[in-house]
Amino acid sequence: MLGLQIPNVDAQSLNELTVALTGVWPGLTPPLLLHDSPGTHSNTQLHIVAVDSAGACVGLKAANRSAHGTQRECIISEIASHFDMPLAPRQRLMAPIQNLPKIGGQDFVSNLWHEGAEALDKLDKVPGGPAIRQAVSADPEPLLVDYGEWLGFGLVFGINDRHNAGNWVCTAHGPRIGVIDTEDSMTAAAVHGDYRFPLQFFGLLQGVNGPAAAGALHNHQRSAVARGLRRFYKKWAGNHKNVMRRLNQSPACTAYRCNWMELGHKAFVHQALTGLA
């Protein structure tokens, strides 16, 4: 879903942007058109979208709602990609380009959108929305495993503002779920209760927290979330030292630590699940 096309874009600025974005993602096919952000989130006034001739979309945002937000978004993207997280944000920190609409003259984040992915707040407004809802309804377990991974990741890296429907994306294929807009991270502990939101959105929270179905040995939906948590924890445990070294390299997050980082495997999974009740 896109906002209106932005008219009369400065030609030199658009050329500089094209060179910068195709340098990062050579698969983009110029010419690029710029559109307003389709969202209603807090950064809408500093967010535009570049669209190539094949329809690929790159979000462009100055994430300065909080100090170092732009840098933190890119670090989260880097770690998520290294961990091979589901629908991991594909973001790069870009140097300022003068005279770009809304974000000219300041550092900004470029984010290559995943094909077929839609934010939860758009599902009732886009053609692909019903297919995503149908896929989740037909078989929610793949999405719940992905969700468990992101729950673990978000708790460890203090990703906040997760009660916002515009900060989660889904695809019908899988179905899968991922996170976007992560500038509010690595400054304070994650608000655990906010991570109930996507489960509530899809009507899955009661199933995750409830008893096993009649005749079942265990709660399959809760087990799927636990499987995702264990999958994340294995990645975290195997990369802990390298990740902490990376955090220490950036003034944006060098001081960040949280209790989730110190938990063993069983305590981590148990506390993460308990916090969803």
# chains A, B, ... in the order shown; residues from 1 in each chain; ligands from 1
call {"tool": "residues_around", "arguments": {"residues": "Leu155 in chain A", "least_positions_apart": "3", "cutoff": "8 Å", "atoms": "only C-alpha atoms", "output": "list of chain:residue names"}}
result
A:Leu151, A:Gly152, A:Gly158, A:Ile159, A:Ala189, A:Ala190, A:His192, A:Trp260
call {"tool": "write_last_selection", "arguments": {"atoms": "N, CA, C and O atoms", "output": "PDB file, in the first residue's frame"}}
result
ATOM      1  N   LEU A 151       9.571 -12.655  19.615  1.00  0.00           N
ATOM      2  CA  LEU A 151       9.365 -12.381  21.038  1.00  0.00           C
ATOM      3  C   LEU A 151      10.695 -12.463  21.771  1.00  0.00           C
ATOM      4  O   LEU A 151      11.059 -11.551  22.527  1.00  0.00           O
ATOM      5  N   GLY A 152      11.451 -13.537  21.534  1.00  0.00           N
ATOM      6  CA  GLY A 152      12.756 -13.664  22.171  1.00  0.00           C
ATOM      7  C   GLY A 152      13.704 -12.556  21.761  1.00  0.00           C
ATOM      8  O   GLY A 152      14.381 -11.947  22.599  1.00  0.00           O
ATOM      9  N   GLY A 158      15.363  -5.245  23.645  1.00  0.00           N
ATOM     10  CA  GLY A 158      14.571  -4.121  24.138  1.00  0.00           C
ATOM     11  C   GLY A 158      13.793  -3.401  23.051  1.00  0.00           C
ATOM     12  O   GLY A 158      13.731  -2.161  23.057  1.00  0.00           O
ATOM     13  N   ILE A 159      13.179  -4.147  22.138  1.00  0.00           N
ATOM     14  CA  ILE A 159      12.401  -3.504  21.066  1.00  0.00           C
ATOM     15  C   ILE A 159      11.023  -3.163  21.602  1.00  0.00           C
ATOM     16  O   ILE A 159      10.237  -4.040  21.964  1.00  0.00           O
ATOM     17  N   ALA A 189      14.269  -1.782  28.980  1.00  0.00           N
ATOM     18  CA  ALA A 189      13.707  -3.125  28.863  1.00  0.00           C
ATOM     19  C   ALA A 189      12.448  -3.104  28.015  1.00  0.00           C
ATOM     20  O   ALA A 189      11.671  -2.147  28.040  1.00  0.00           O
ATOM     21  N   ALA A 190      12.247  -4.145  27.236  1.00  0.00           N
ATOM     22  CA  ALA A 190      11.042  -4.263  26.428  1.00  0.00           C
ATOM     23  C   ALA A 190       9.816  -4.377  27.329  1.00  0.00           C
ATOM     24  O   ALA A 190       9.862  -5.008  28.384  1.00  0.00           O
ATOM     25  N   HIS A 192       7.006  -6.230  28.030  1.00  0.00           N
ATOM     26  CA  HIS A 192       6.655  -7.611  27.700  1.00  0.00           C
ATOM     27  C   HIS A 192       5.194  -7.722  27.271  1.00  0.00           C
ATOM     28  O   HIS A 192       4.861  -8.393  26.290  1.00  0.00           O
ATOM     29  N   TRP A 260      17.260 -10.222  30.411  1.00  0.00           N
ATOM     30  CA  TRP A 260      17.006 -11.341  29.498  1.00  0.00           C
ATOM     31  C   TRP A 260      18.299 -11.914  28.941  1.00  0.00           C
ATOM     32  O   TRP A 260      18.370 -13.094  28.593  1.00  0.00           O
TER      33      TRP A 260
END
call {"tool": "residues_around", "arguments": {"residues": "Val24 in chain A", "least_positions_apart": "5", "cutoff": "12 Å", "atoms": "only C-alpha atoms", "output": "number ranges by chain"}}
result
A: 17-19, 58, 90-94, 109-112
call {"tool": "write_last_selection", "arguments": {"atoms": "N, CA and C atoms", "output": "short mmCIF file (atom, residue, chain, number, x, y, z; two decimals), in the first residue's frame"}}
result
data_model
loop_
_atom_site.label_atom_id
_atom_site.label_comp_id
_atom_site.auth_asym_id
_atom_site.auth_seq_id
_atom_site.Cartn_x
_atom_site.Cartn_y
_atom_site.Cartn_z
N LEU A 17 19.76 9.75 -5.08
CA LEU A 17 19.08 8.67 -4.36
C LEU A 17 19.12 7.37 -5.17
N THR A 18 18.90 7.47 -6.46
CA THR A 18 18.93 6.28 -7.32
C THR A 18 20.29 5.61 -7.28
N VAL A 19 21.34 6.40 -7.38
CA VAL A 19 22.70 5.86 -7.33
C VAL A 19 22.96 5.19 -5.98
N VAL A 58 11.13 0.68 -1.42
CA VAL A 58 12.14 0.93 -0.41
C VAL A 58 11.64 2.07 0.47
N ARG A 90 15.39 -5.31 6.15
CA ARG A 90 16.56 -5.17 5.27
C ARG A 90 16.86 -3.67 5.16
N GLN A 91 17.68 -3.19 6.10
CA GLN A 91 17.88 -1.76 6.24
C GLN A 91 19.35 -1.37 6.12
N ARG A 92 19.55 -0.16 5.63
CA ARG A 92 20.89 0.40 5.53
C ARG A 92 20.85 1.86 5.97
N LEU A 93 21.92 2.29 6.62
CA LEU A 93 22.06 3.70 6.99
C LEU A 93 22.59 4.46 5.79
N MET A 94 21.90 5.53 5.41
CA MET A 94 22.23 6.29 4.21
C MET A 94 22.71 7.70 4.58
N VAL A 109 17.28 6.00 7.05
CA VAL A 109 17.30 4.56 6.90
C VAL A 109 16.58 4.20 5.62
N SER A 110 17.18 3.33 4.81
CA SER A 110 16.48 2.76 3.66
C SER A 110 16.13 1.32 4.00
N ASN A 111 14.91 0.91 3.68
CA ASN A 111 14.39 -0.40 4.06
C ASN A 111 13.72 -1.05 2.87
N LEU A 112 14.35 -2.08 2.31
CA LEU A 112 13.78 -2.81 1.18
C LEU A 112 12.65 -3.69 1.68
#
call {"tool": "closest_atom_pairs", "arguments": {"of": "range 101-148 of chain A", "to": "range 32-36 of chain A", "cutoff": "12 Å", "atoms": "only C-alpha atoms", "output": "CSV"}}
result
residue,atom,partner,partner_atom,distance
A:Pro101,CA,A:Leu34,CA,8.8
A:Lys102,CA,A:Asp36,CA,9.3
A:Ile103,CA,A:Asp36,CA,11.6
call {"tool": "residues_around", "arguments": {"residues": "range 207-218 of chain A", "least_positions_apart": "6", "cutoff": "9 Å", "atoms": "only C-alpha atoms", "output": "list in words"}}
result
Leu199, Ala224, Val225, Leu273, Thr274, Leu276 and Ala277 of chain A
call {"tool": "write_last_selection", "arguments": {"atoms": "C-alpha atoms", "output": "PDB file, in the first residue's frame"}}
result
ATOM      1  CA  LEU A 199      -1.663 -12.658  19.123  1.00  0.00           C
ATOM      2  CA  ALA A 224       4.778 -23.433  18.510  1.00  0.00           C
ATOM      3  CA  VAL A 225       5.645 -20.181  20.320  1.00  0.00           C
ATOM      4  CA  LEU A 273       5.757 -17.497  27.811  1.00  0.00           C
ATOM      5  CA  THR A 274       4.580 -16.554  31.299  1.00  0.00           C
ATOM      6  CA  LEU A 276       2.032 -13.414  27.707  1.00  0.00           C
ATOM      7  CA  ALA A 277      -0.619 -14.406  30.246  1.00  0.00           C
TER       8      ALA A 277
END
call {"tool": "closest_residue", "arguments": {"among": "A:Ala119, A:Val49, A:Met261, A:Val191", "to": "Lys61 in chain A", "atoms": "only C-alpha atoms"}}
result
A:Val49
call {"tool": "closest_residue", "arguments": {"among": "A:Met85, A:Ile75, A:Leu100, A:Ala252", "to": "Leu60 in chain A", "atoms": "only C-alpha atoms"}}
result
A:Leu100
call {"tool": "select_by_dssp", "arguments": {"residues": "range 41-126 of chain A", "states": "helix (DSSP H, G or I)", "output": "list in words"}}
result
Thr44, Gln45, Leu46, Gly69, Thr70, Gln71, Arg72, Glu73, Cys74, Ile75, Ile76, Ser77, Glu78, Ile79, Ala80, Ser81, His82, Leu120, Asp121 and Lys122 of chain A
